[in-house]
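K.L.:
Structure file model00.cif, mmCIF, C-alpha atoms, is pasted below:
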data_upload
loop_
_atom_site.label_atom_id
_atom_site.label_comp_id
_atom_site.auth_asym_id
_atom_site.auth_seq_id
_atom_site.Cartn_x
_atom_site.Cartn_y
_atom_site.Cartn_z
CA MET A 1482 -26.97 11.30 -1.90
CA LYS A 1483 -29.67 12.52 0.48
CA LYS A 1484 -27.17 13.74 2.98
CA HIS A 1485 -29.57 15.43 5.38
CA ILE A 1486 -31.53 12.18 5.87
CA LEU A 1487 -28.40 10.08 6.42
CA LEU A 1488 -27.29 12.46 9.16
CA GLU A 1489 -30.57 12.31 11.07
CA GLU A 1490 -30.16 10.94 14.58
CA LYS A 1491 -32.48 7.97 14.04
CA VAL A 1492 -30.69 6.98 10.83
CA GLN A 1493 -27.26 7.27 12.46
CA ALA A 1494 -28.55 5.17 15.38
CA PHE A 1495 -29.76 2.51 12.92
CA ILE A 1496 -26.35 2.45 11.22
CA LEU A 1497 -24.55 1.92 14.53
CA THR A 1498 -27.06 -0.63 15.83
CA HIS A 1499 -26.74 -2.75 12.67
CA LYS A 1500 -23.03 -2.15 12.01
CA ASP A 1501 -22.24 -5.89 12.10
CA ASP A 1502 -25.38 -7.21 10.40
CA ASP A 1503 -25.56 -8.89 7.02
CA PRO A 1504 -26.33 -6.22 4.37
CA ALA A 1505 -28.48 -8.58 2.30
CA ALA A 1506 -30.60 -9.40 5.33
CA LEU A 1507 -30.91 -5.71 6.17
CA MET A 1508 -32.24 -4.93 2.68
CA LEU A 1509 -35.21 -7.16 3.44
CA GLN A 1510 -36.29 -4.57 6.02
CA ARG A 1511 -36.53 -1.70 3.53
CA GLU A 1512 -40.36 -1.63 3.56
CA LYS A 1513 -40.28 -0.74 7.26
CA TYR A 1514 -38.54 2.54 6.42
CA PRO A 1515 -40.33 3.92 3.34
CA ASP A 1516 -39.08 7.48 3.93
CA TRP A 1517 -35.41 6.50 3.99
CA PRO A 1518 -33.06 6.06 1.01
CA PHE A 1519 -32.56 2.57 2.35
CA LYS A 1520 -29.94 1.38 -0.16
CA GLU A 1521 -27.81 4.40 0.77
CA VAL A 1522 -28.27 3.64 4.47
CA VAL A 1523 -27.07 0.06 3.98
CA ASP A 1524 -24.16 1.34 1.86
CA GLN A 1525 -23.18 3.53 4.82
CA ILE A 1526 -22.99 0.39 6.97
CA ILE A 1527 -20.92 -1.50 4.37
CA SER A 1528 -18.55 1.41 3.75
CA ARG A 1529 -18.14 2.18 7.44
CA ARG A 1530 -17.19 -1.44 8.04
CA LYS A 1531 -14.57 -1.26 5.26
CA ALA A 1532 -13.18 1.92 6.86
CA GLU A 1533 -12.66 0.43 10.34
CA LYS A 1534 -9.04 -0.65 9.78
CA LYS A 1535 -8.23 1.40 6.71
CA LEU A 1536 -9.55 4.74 7.99
CA PRO A 1537 -9.71 4.53 11.80
CA LEU A 1538 -10.07 8.29 12.28
CA TRP A 1539 -13.07 8.38 9.95
CA TYR A 1540 -14.51 5.27 11.60
CA LYS A 1541 -14.37 6.61 15.15
CA THR A 1542 -15.52 10.16 14.33
CA LYS A 1543 -19.22 10.82 14.84
CA GLY A 1544 -21.09 12.31 11.90
CA ILE A 1545 -18.81 11.09 9.10
CA LEU A 1546 -20.47 10.33 5.77
CA TYR A 1547 -19.24 7.50 3.55
CA PRO A 1548 -19.32 7.06 -0.22
CA VAL A 1549 -20.31 3.85 -1.99
CA PRO A 1550 -18.13 0.88 -0.93
CA VAL A 1551 -15.97 0.87 -4.09
CA SER A 1552 -14.79 4.39 -3.28
CA ILE A 1553 -13.54 3.18 0.10
CA GLU A 1554 -11.64 0.39 -1.66
CA GLN A 1555 -10.02 2.87 -4.07
CA SER A 1556 -9.15 5.37 -1.34
CA SER A 1557 -5.69 5.68 0.17
CA SER A 1558 -5.43 4.37 3.71
CA GLU A 1559 -4.69 6.74 6.57
CA ALA A 1560 -1.27 5.14 6.99
CA THR A 1561 -0.22 5.73 3.37
CA ALA A 1562 -1.79 9.20 3.27
CA ALA A 1563 0.03 10.28 6.43
CA TYR A 1564 3.33 8.99 5.04
CA LYS A 1565 2.92 10.93 1.79
CA ALA A 1566 1.93 14.09 3.63
CA GLY A 1567 5.16 13.94 5.61
CA LEU A 1568 7.23 14.20 2.43
CA PHE A 1569 6.28 17.79 1.56
CA ASN A 1570 5.27 21.13 3.02
CA GLY A 1571 4.69 24.67 1.79
CA LYS A 1572 2.07 27.30 1.07
CA LYS A 1573 -0.12 25.77 -1.64
CA ALA A 1574 -0.84 22.24 -2.79
CA ALA A 1575 -3.43 20.64 -5.04
CA ASP A 1576 -4.92 17.15 -5.05
CA LEU A 1577 -6.31 16.68 -8.57
CA THR A 1578 -8.08 13.37 -7.86
CA GLY A 1579 -9.62 14.13 -4.47
CA GLY A 1580 -12.03 11.22 -4.05
CA LEU A 1581 -13.01 10.61 -0.44
CA GLY A 1582 -10.44 13.22 0.60
CA VAL A 1583 -8.09 11.12 2.72
CA ASP A 1584 -4.93 12.26 0.93
CA SER A 1585 -6.19 15.85 0.86
CA TYR A 1586 -6.93 15.80 4.57
CA TYR A 1587 -3.40 14.75 5.52
CA LEU A 1588 -1.66 16.92 2.92
CA ALA A 1589 -3.60 19.93 4.21
CA HIS A 1590 -1.83 19.56 7.56
CA ASN A 1591 1.47 20.57 5.92
CA PHE A 1592 0.28 23.37 3.63
CA GLU A 1593 -1.34 26.73 4.27
CA GLN A 1594 -3.96 25.97 1.63
CA LEU A 1595 -4.93 22.84 -0.28
CA THR A 1596 -7.12 22.66 -3.37
CA TYR A 1597 -9.21 19.50 -3.58
CA VAL A 1598 -10.37 18.67 -7.12
CA GLU A 1599 -12.98 15.97 -7.74
CA GLN A 1600 -15.19 15.40 -10.78
CA LYS A 1601 -17.97 13.44 -9.01
CA GLU A 1602 -20.36 15.83 -7.29
CA THR A 1603 -21.44 13.31 -4.65
CA LEU A 1604 -17.84 12.61 -3.58
CA ALA A 1605 -17.08 16.34 -3.45
CA GLU A 1606 -20.13 16.88 -1.22
CA ILE A 1607 -19.11 14.05 1.10
CA ALA A 1608 -15.53 15.33 1.33
CA THR A 1609 -16.76 18.87 2.06
CA HIS A 1610 -18.92 17.59 4.90
CA ASN A 1611 -16.18 15.36 6.33
CA PHE A 1612 -13.50 18.09 6.21
CA ASP A 1613 -15.86 20.21 8.29
CA VAL A 1614 -16.53 17.39 10.78
CA LEU A 1615 -12.78 16.70 11.07
CA GLY A 1616 -11.99 20.40 11.53
CA GLN A 1617 -9.85 20.78 8.42
CA ASN A 1618 -10.75 24.29 7.29
CA ASN A 1619 -7.94 25.16 4.87
CA VAL A 1620 -9.27 23.11 1.95
CA GLU A 1621 -10.78 24.67 -1.18
CA ILE A 1622 -13.28 22.37 -2.91
CA VAL A 1623 -13.41 22.34 -6.71
CA ASN A 1624 -16.02 20.08 -8.37
CA SER A 1625 -14.30 19.54 -11.72
CA THR A 1626 -12.29 17.06 -13.74
CA ALA A 1627 -8.53 17.35 -13.46
CA GLU A 1628 -8.37 18.24 -17.16
CA GLU A 1629 -10.88 21.10 -16.81
CA PHE A 1630 -9.14 22.42 -13.71
CA LEU A 1631 -5.74 22.43 -15.42
CA LEU A 1632 -7.08 24.25 -18.49
CA LYS A 1633 -7.91 27.24 -16.29
CA ALA A 1634 -5.08 26.91 -13.76
CA GLU A 1635 -2.39 29.59 -13.82
CA GLU A 1636 -1.09 29.89 -10.26
CA LYS A 1637 1.91 27.91 -9.05
CA TYR A 1638 1.78 25.16 -6.44
CA ASP A 1639 4.44 23.81 -4.11
CA LEU A 1640 3.03 20.33 -4.74
CA ILE A 1641 0.54 18.73 -7.10
CA TYR A 1642 -0.66 15.25 -6.17
CA ILE A 1643 -2.49 12.99 -8.61
CA ASP A 1644 -3.86 9.45 -8.29
CA PRO A 1645 -5.43 8.54 -11.65
CA ASP A 1646 -8.46 6.24 -11.63
CA ARG A 1647 -7.27 2.75 -12.55
CA ARG A 1648 -10.79 1.36 -12.86
CA PRO A 1649 -12.30 3.31 -15.75
CA ASP A 1650 -15.46 1.60 -17.00
CA GLN A 1651 -15.09 -0.87 -14.09
CA LYS A 1652 -12.02 -2.47 -15.73
CA ARG A 1653 -8.79 -2.56 -13.75
CA VAL A 1654 -5.83 -1.08 -15.64
CA VAL A 1655 -2.16 -0.42 -14.81
CA GLY A 1656 -0.65 1.98 -17.36
CA PHE A 1657 -0.63 5.77 -17.12
CA SER A 1658 -2.30 6.28 -20.51
CA ASP A 1659 -5.07 3.79 -19.72
CA SER A 1660 -6.03 5.54 -16.47
CA THR A 1661 -8.32 8.54 -16.02
CA PRO A 1662 -7.09 11.19 -16.44
CA ASP A 1663 -4.36 10.36 -18.96
CA LEU A 1664 -1.35 11.31 -16.88
CA LEU A 1665 1.15 11.40 -19.74
CA GLU A 1666 -1.02 13.85 -21.64
CA LEU A 1667 -1.30 16.13 -18.60
CA LEU A 1668 2.33 15.94 -17.51
CA PRO A 1669 3.65 19.03 -19.42
CA LYS A 1670 0.93 21.22 -17.90
CA LEU A 1671 1.53 19.77 -14.43
CA MET A 1672 5.25 20.51 -14.66
CA SER A 1673 4.51 24.10 -15.71
CA LEU A 1674 2.51 24.63 -12.50
CA SER A 1675 4.74 22.93 -9.93
CA GLU A 1676 8.30 21.78 -9.40
CA ASN A 1677 6.99 18.84 -7.36
CA ILE A 1678 4.52 16.35 -8.83
CA LEU A 1679 3.68 13.27 -6.75
CA ILE A 1680 2.07 10.48 -8.78
CA LYS A 1681 0.40 7.44 -7.24
CA ALA A 1682 0.56 4.46 -9.61
CA SER A 1683 -0.61 0.87 -9.52
CA PRO A 1684 1.57 -1.39 -7.31
CA MET A 1685 1.65 -3.71 -10.33
CA MET A 1686 3.32 -1.16 -12.61
CA ASP A 1687 6.78 -1.93 -13.95
CA ILE A 1688 9.11 0.67 -12.44
CA ARG A 1689 11.54 0.78 -15.36
CA LEU A 1690 8.72 1.27 -17.85
CA ALA A 1691 7.25 4.06 -15.73
CA LEU A 1692 10.61 5.83 -15.58
CA GLU A 1693 10.86 5.66 -19.36
CA GLN A 1694 7.43 7.26 -19.73
CA LEU A 1695 7.82 9.97 -17.09
CA ARG A 1696 10.33 12.79 -17.19
CA ASP A 1697 12.63 14.06 -14.45
CA VAL A 1698 11.77 11.52 -11.76
CA GLY A 1699 13.86 12.30 -8.70
CA LYS A 1700 12.55 9.56 -6.45
CA VAL A 1701 10.50 6.37 -6.60
CA ILE A 1702 8.87 5.24 -3.36
CA ILE A 1703 7.59 1.70 -2.96
CA LEU A 1704 5.28 1.88 0.04
CA ALA A 1705 4.23 -1.28 1.86
CA ILE A 1706 2.03 -1.59 4.94
CA ASP A 1707 2.42 -4.73 7.07
CA ASN A 1708 4.56 -6.29 4.31
CA GLU A 1709 2.04 -5.72 1.51
CA VAL A 1710 2.87 -3.21 -1.22
CA LYS A 1711 0.05 -0.66 -1.26
CA GLU A 1712 1.36 2.22 -3.35
CA LEU A 1713 3.98 2.99 -5.96
CA LEU A 1714 4.87 6.70 -5.89
CA PHE A 1715 6.82 8.75 -8.42
CA HIS A 1716 8.17 12.16 -7.44
CA VAL A 1717 8.63 14.18 -10.61
CA GLY A 1718 10.94 17.04 -9.66
CA GLY A 1719 13.39 17.58 -6.84
CA ASP A 1720 16.95 16.41 -7.42
CA THR A 1721 16.81 14.57 -10.74
CA THR A 1722 20.57 14.12 -11.27
CA ALA A 1723 20.05 10.50 -10.20
CA THR A 1724 16.85 8.60 -9.45
CA THR A 1725 16.57 7.37 -5.87
CA ILE A 1726 14.60 4.22 -5.05
CA ARG A 1727 13.15 4.17 -1.54
CA CYS A 1728 11.67 0.90 -0.27
CA VAL A 1729 9.47 1.47 2.79
CA ASN A 1730 7.58 -1.06 4.88
CA ILE A 1731 5.51 0.34 7.76
CA ASN A 1732 4.64 -2.14 10.50
CA LYS A 1733 3.04 -1.07 13.77
CA GLY A 1734 4.15 2.51 13.16
CA GLN A 1735 7.79 1.56 12.56
CA GLU A 1736 9.44 2.18 9.18
CA ASP A 1737 11.72 -0.42 7.63
CA VAL A 1738 13.66 1.41 4.90
CA LEU A 1739 16.14 0.61 2.16
CA GLU A 1740 17.21 3.50 -0.08
CA TYR A 1741 19.64 3.46 -2.97
CA ASN A 1742 20.55 5.12 -6.25
CA LEU A 1743 19.00 3.28 -9.18
CA ASP A 1744 22.29 3.22 -11.08
CA ASP A 1745 24.10 1.54 -8.15
CA ASN A 1746 22.20 -1.76 -8.26
CA SER A 1747 24.99 -3.62 -10.06
CA GLN A 1748 24.89 -7.41 -10.45
CA GLU A 1749 28.46 -7.77 -9.15
CA PHE A 1750 27.46 -7.03 -5.55
CA CYS A 1751 25.73 -10.35 -4.73
CA LYS A 1752 27.74 -13.39 -3.66
CA ILE A 1753 26.18 -16.84 -3.40
CA SER A 1754 26.68 -18.95 -0.28
CA LEU A 1755 25.51 -21.92 1.72
CA LEU A 1756 23.10 -21.13 4.54
CA SER A 1757 24.94 -19.85 7.60
CA ASN A 1758 23.84 -18.87 11.14
CA TYR A 1759 21.25 -16.24 10.23
CA LEU A 1760 18.62 -16.02 7.51
CA TYR A 1761 17.00 -12.81 6.20
CA GLU A 1762 13.80 -12.41 4.20
CA PRO A 1763 13.41 -9.03 2.41
CA ASN A 1764 10.16 -7.14 2.91
CA ALA A 1765 7.59 -6.76 0.13
CA ALA A 1766 8.83 -3.29 -0.91
CA ILE A 1767 12.37 -4.59 -1.48
CA MET A 1768 10.97 -7.57 -3.38
CA LYS A 1769 9.00 -5.23 -5.65
CA ALA A 1770 12.11 -3.14 -6.31
CA GLY A 1771 14.26 -6.20 -6.95
CA ALA A 1772 16.90 -4.50 -4.79
CA PHE A 1773 18.69 -7.72 -3.87
CA ASN A 1774 22.13 -6.71 -5.07
CA HIS A 1775 22.00 -3.48 -3.12
CA LEU A 1776 20.95 -5.41 -0.01
CA CYS A 1777 24.08 -7.54 -0.38
CA LYS A 1778 26.27 -4.48 -0.92
CA SER A 1779 24.91 -2.47 2.02
CA TYR A 1780 24.68 -5.21 4.65
CA PHE A 1781 27.37 -7.69 3.55
CA VAL A 1782 24.96 -10.60 3.31
CA LYS A 1783 25.07 -13.41 0.77
CA LYS A 1784 22.34 -14.96 -1.33
CA LEU A 1785 21.39 -18.64 -1.15
CA HIS A 1786 20.91 -18.95 -4.94
CA PRO A 1787 20.68 -16.42 -7.80
CA ASN A 1788 16.89 -16.92 -7.89
CA THR A 1789 16.31 -17.64 -4.21
CA HIS A 1790 15.61 -14.28 -2.63
CA LEU A 1791 16.77 -15.26 0.84
CA PHE A 1792 20.00 -14.04 2.42
CA THR A 1793 22.41 -15.26 5.07
CA SER A 1794 25.28 -14.16 7.30
CA ASP A 1795 27.52 -15.61 10.00
CA LYS A 1796 26.72 -12.84 12.50
CA HIS A 1797 23.39 -11.23 13.30
CA ILE A 1798 22.80 -8.01 11.35
CA VAL A 1799 20.44 -6.00 13.51
CA ASP A 1800 19.45 -3.19 11.15
CA ILE A 1801 18.90 -5.08 7.90
CA PRO A 1802 15.36 -4.42 6.60
CA GLY A 1803 12.97 -7.38 6.49
CA ARG A 1804 12.40 -10.38 8.73
CA LYS A 1805 15.37 -11.86 10.61
CA PHE A 1806 15.85 -15.44 11.79
CA LYS A 1807 18.32 -17.54 13.76
CA VAL A 1808 18.95 -20.81 11.92
CA ILE A 1809 18.35 -23.89 14.06
CA GLY A 1810 19.35 -26.27 11.30
CA SER A 1811 18.89 -27.18 7.65
CA CYS A 1812 18.48 -30.41 5.72
CA ALA A 1813 17.36 -31.97 2.47
CA TYR A 1814 13.66 -31.79 1.62
CA LYS A 1815 12.86 -35.14 3.24
CA LYS A 1816 10.22 -35.71 5.87
CA SER A 1817 12.42 -37.85 8.14
CA ALA A 1818 15.28 -35.32 8.11
CA ILE A 1819 12.99 -32.36 8.77
CA GLN A 1820 11.23 -34.09 11.66
CA GLN A 1821 14.56 -34.41 13.46
CA LEU A 1822 14.93 -30.61 13.43
CA LEU A 1823 11.35 -29.67 14.31
CA LYS A 1824 9.88 -29.57 17.78
CA GLY A 1825 6.27 -30.63 17.64
CA ASN A 1826 3.98 -30.38 14.63
CA LYS A 1827 3.52 -26.63 14.26
CA ALA A 1828 5.47 -24.25 12.01
CA ASN A 1829 5.14 -21.07 9.97
CA ILE A 1830 6.00 -22.09 6.42
CA SER A 1831 7.50 -19.97 3.62
CA VAL A 1832 9.08 -20.98 0.32
CA ARG A 1833 11.40 -19.25 -2.16
CA ASN A 1834 12.34 -20.72 -5.54
CA PHE A 1835 10.94 -24.04 -4.36
CA VAL A 1836 9.14 -26.99 -5.89
CA ASP A 1837 6.08 -26.93 -3.58
CA THR A 1838 3.77 -24.28 -2.18
CA PRO A 1839 3.52 -23.72 1.59
CA GLU A 1840 0.22 -25.64 1.61
CA GLN A 1841 1.82 -28.59 -0.15
CA VAL A 1842 4.78 -28.57 2.24
CA LYS A 1843 2.43 -28.48 5.21
CA LYS A 1844 0.45 -31.44 3.84
CA LYS A 1845 3.53 -33.53 3.01
CA LEU A 1846 5.06 -32.97 6.43
CA GLY A 1847 1.81 -33.27 8.39
CA LEU A 1848 2.24 -29.83 9.99
CA GLN A 1849 -0.16 -27.27 11.38
CA ASP A 1850 0.20 -23.50 11.00
CA GLY A 1851 1.52 -21.45 13.90
CA GLY A 1852 3.91 -21.77 16.77
CA ASP A 1853 7.39 -20.29 17.21
CA GLN A 1854 9.17 -22.32 14.53
CA TYR A 1855 9.69 -21.01 11.00
CA LEU A 1856 10.32 -23.36 8.13
CA PHE A 1857 11.79 -22.11 4.83
CA GLY A 1858 11.83 -24.25 1.71
CA TYR A 1859 14.42 -23.03 -0.78
CA ARG A 1860 16.81 -23.99 -3.57
CA ASP A 1861 20.47 -23.73 -2.52
CA ASN A 1862 23.64 -22.69 -4.35
CA GLU A 1863 24.01 -26.21 -5.76
CA ASN A 1864 20.42 -26.11 -7.04
CA LYS A 1865 19.29 -28.65 -4.42
CA LEU A 1866 16.02 -28.45 -2.53
CA ARG A 1867 16.64 -27.63 1.13
CA VAL A 1868 14.62 -26.76 4.20
CA ALA A 1869 15.77 -24.44 6.98
CA VAL A 1870 14.22 -24.50 10.44
CA CYS A 1871 14.53 -21.15 12.21
CA GLU A 1872 13.34 -19.03 15.07
CA ARG A 1873 12.45 -15.35 14.77
CA VAL A 1874 15.04 -12.86 16.02
#
Output the file's structure in the form of structure tokens.
P.N.:
Amino acid sequence: MKKHILLEEKVQAFILTHKDDDPAALMLQREKYPDWPFKEVVDQIISRRKAEKKLPLWYKTKGILYPVPVSIEQSSSEATAAYKAGLFNGKKAADLTGGLGVDSYYLAHNFEQLTYVEQKETLAEIATHNFDVLGQNNVEIVNSTAEEFLLKAEEKYDLIYIDPDRRPDQKRVVGFSDSTPDLLELLPKLMSLSENILIKASPMMDIRLALEQLRDVGKVIILAIDNEVKELLFHVGGDTTATTIRCVNINKGQEDVLEYNLDDNSQEFCKISLLSNYLYEPNAAIMKAGAFNHLCKSYFVKKLHPNTHLFTSDKHIVDIPGRKFKVIGSCAYKKSAIQQLLKGNKANISVRNFVDTPEQVKKKLGLQDGGDQYLFGYRDNENKLRVAVCERV
């Protein structure tokens, strides 16, 4: 990357002037700027655009350099990085898969010194520049693979963070051994250097399988942002007498949390019931964990069907995690019956364990998206198709 050219005032002005333009159309102008690395300039525009919501601090800070767009896609968001950083503090930490440096930047706030390790020279250069621009001066940059770094490493760390590349050779993978570096191969060395290892895994990974492969996992964190699971985190170390599962959904800065001991999620806790006065929809983190029985145990709610992951109660439960609704009425899945409950032709449609998709329901009922009404299609405790019309609490 020709960093000095990309930082020139006229190049930065071009990037800002054309921040919303079509990249393909911009590439047609490359002959007008023969002295510029024009593909890199256009990549700056694309990557900066991708960073606007994901990395707002980077986006609004003047003089930031961006990697190729795929590196932005693979990077942690500011929201997830800040959450992880809040879990630990101490004197020394190491990020063995530094990348763009977002996780390193936030972790460095809570440690006296942080070692950033990155095998790609270009990414290490960009991170070095951006740390300086952002005023984060307690980061040591090491341009090396994680394996090479660990071969020479002898000093102890209060935390080692690792986010293996799940797109080696441009193919998306899930498992620890298929990622780069091979986490399972490195784990003994990691555990010899720190009592706290934080591993970021694919949101698609099976939690039980991961726990079988890893040793001494004290906590699993399922981290969702705006009801979409973004990261699956495994804390190797800490109190490992029992594994804690922590389901977190962050929405508009507020955390929706359900935490439980893995061994406590017994099937006996869930009772099945007809729909009552209130309906609850678990957030994405709870859905990923499959923590339905614990939800019933902790909040005294009942399930609508063993495979319908919706819950109900007679009285409003204020602090239950997930979306909460007041039930206006329910009926069989018949257009005439549903129309008697609905006001107008707008509704927000969701389905659980149902015969049709939301789009199919909308088409059959002649509804438009939106409004203040919420319509849930579900299968009830008698295995019948039902529809609930609700309003958000």
K.L.:
Pull out every residue that the PyMOL selection byres ((chain A and resi 1842) around 10) matches in the shown coordinates and put them as a PDB file with C-alpha atoms, in the frame of the given file.
P.N.:
ATOM      1  CA  TYR A1814      13.660 -31.790   1.620  1.00  0.00           C
ATOM      2  CA  LYS A1816      10.220 -35.710   5.870  1.00  0.00           C
ATOM      3  CA  ILE A1830       6.000 -22.090   6.420  1.00  0.00           C
ATOM      4  CA  SER A1831       7.500 -19.970   3.620  1.00  0.00           C
ATOM      5  CA  VAL A1832       9.080 -20.980   0.320  1.00  0.00           C
ATOM      6  CA  VAL A1836       9.140 -26.990  -5.890  1.00  0.00           C
ATOM      7  CA  ASP A1837       6.080 -26.930  -3.580  1.00  0.00           C
ATOM      8  CA  THR A1838       3.770 -24.280  -2.180  1.00  0.00           C
ATOM      9  CA  PRO A1839       3.520 -23.720   1.590  1.00  0.00           C
ATOM     10  CA  GLU A1840       0.220 -25.640   1.610  1.00  0.00           C
ATOM     11  CA  GLN A1841       1.820 -28.590  -0.150  1.00  0.00           C
ATOM     12  CA  LYS A1843       2.430 -28.480   5.210  1.00  0.00           C
ATOM     13  CA  LYS A1844       0.450 -31.440   3.840  1.00  0.00           C
ATOM     14  CA  LYS A1845       3.530 -33.530   3.010  1.00  0.00           C
ATOM     15  CA  LEU A1846       5.060 -32.970   6.430  1.00  0.00           C
ATOM     16  CA  GLY A1847       1.810 -33.270   8.390  1.00  0.00           C
ATOM     17  CA  LEU A1848       2.240 -29.830   9.990  1.00  0.00           C
ATOM     18  CA  LEU A1856      10.320 -23.360   8.130  1.00  0.00           C
ATOM     19  CA  PHE A1857      11.790 -22.110   4.830  1.00  0.00           C
ATOM     20  CA  GLY A1858      11.830 -24.250   1.710  1.00  0.00           C
TER      21      GLY A1858
END
K.L.:
Apply the PyMOL selection byres ((chain A and resi 1871) around 10) to the displayed file and report the matching residues as a PyMOL selection string.
P.N.:
chain A and resi 1758-1760+1805-1811+1822-1823+1828-1829+1853-1857+1868-1870+1872-1874
K.L.:
Name the residues in contact with region 1504-1520 of chain A at a cut-off of 12 Å, using all atoms listed in the file, excluding same-chain residues fewer than 3 positions from it; report them as a list in words.
P.N.:
Met1482, Lys1483, Lys1484, His1485, Ile1486, Leu1487, Leu1488, Glu1489, Lys1491, Val1492, Gln1493, Phe1495, Ile1496, Thr1498, His1499, Lys1500, Asp1501, Val1523, Asp1524, Gln1525, Ile1526, Ile1527, Ser1528, Arg1530, Val1549 and Pro1550 of chain A
K.L.:
How would the residues just chosen look if you wrote them out with C-alpha atoms as a short mmCIF file (atom, residue, chain, number, x, y, z; two decimals), keeping the file's coordinate frame?
P.N.:
data_model
loop_
_atom_site.label_atom_id
_atom_site.label_comp_id
_atom_site.auth_asym_id
_atom_site.auth_seq_id
_atom_site.Cartn_x
_atom_site.Cartn_y
_atom_site.Cartn_z
CA MET A 1482 -26.97 11.30 -1.90
CA LYS A 1483 -29.67 12.52 0.48
CA LYS A 1484 -27.17 13.74 2.98
CA HIS A 1485 -29.57 15.43 5.38
CA ILE A 1486 -31.53 12.18 5.87
CA LEU A 1487 -28.40 10.08 6.42
CA LEU A 1488 -27.29 12.46 9.16
CA GLU A 1489 -30.57 12.31 11.07
CA LYS A 1491 -32.48 7.97 14.04
CA VAL A 1492 -30.69 6.98 10.83
CA GLN A 1493 -27.26 7.27 12.46
CA PHE A 1495 -29.76 2.51 12.92
CA ILE A 1496 -26.35 2.45 11.22
CA THR A 1498 -27.06 -0.63 15.83
CA HIS A 1499 -26.74 -2.75 12.67
CA LYS A 1500 -23.03 -2.15 12.01
CA ASP A 1501 -22.24 -5.89 12.10
CA VAL A 1523 -27.07 0.06 3.98
CA ASP A 1524 -24.16 1.34 1.86
CA GLN A 1525 -23.18 3.53 4.82
CA ILE A 1526 -22.99 0.39 6.97
CA ILE A 1527 -20.92 -1.50 4.37
CA SER A 1528 -18.55 1.41 3.75
CA ARG A 1530 -17.19 -1.44 8.04
CA VAL A 1549 -20.31 3.85 -1.99
CA PRO A 1550 -18.13 0.88 -0.93
#
K.L.:
Using only C-alpha atoms, pick whichever of A:Thr1789, A:Thr1722, A:Asn1708, A:Asn1730 has the shortest atom-to-atom distance to Cys1751 (chain A).
P.N.:
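Closest to Cys1751 (chain A), using only C-alpha atoms: A:Thr1789.
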K.L.:
Output as a tab-separated table one row per residue of region 1524-1627 of chain A within 12 Å of region 1666-1673 of chain A: the closest atom pair and its distance in Å to one decimal place, counting all atoms listed in the file, sorted by chain and residue number ascending.
P.N.:
residue	atom	partner	partner_atom	distance
A:Ala1575	CA	A:Leu1671	CA	10.7
A:Asp1576	CA	A:Leu1671	CA	11.7
A:Leu1577	CA	A:Leu1671	CA	10.3
A:Ala1627	CA	A:Leu1667	CA	9.0
K.L.:
Put those residues in a file: C-alpha atoms, as a CSV table (one decimal), in the coordinates of the input.
P.N.:
chain,number,residue,atom,x,y,z
A,1575,ALA,CA,-3.4,20.6,-5.0
A,1576,ASP,CA,-4.9,17.2,-5.0
A,1577,LEU,CA,-6.3,16.7,-8.6
A,1627,ALA,CA,-8.5,17.4,-13.5
K.L.:
Within 6 Å of (0.8, -26.3, 13.3), all atoms listed in the file: residues as a list of chain:residue names?
P.N.:
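Every polymer residue passing the test: A:Asn1826, A:Lys1827, A:Ala1828, A:Leu1848, A:Gln1849, A:Asp1850, A:Gly1851.
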K.L.:
In Å, how far is it from CA of Tyr1761 (chain A) to CA of Gly1803 (chain A)?
P.N.:
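Going from CA of Tyr1761 (chain A) over to CA of Gly1803 (chain A), I get 6.8 Å.
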K.L.:
Could you jot down the CA of Val1729 (chain A) to CA of Ile1767 (chain A) separation for me, Å, one decimal place?
P.N.:
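Separation between CA of Val1729 (chain A) and CA of Ile1767 (chain A): 8.0 Å.
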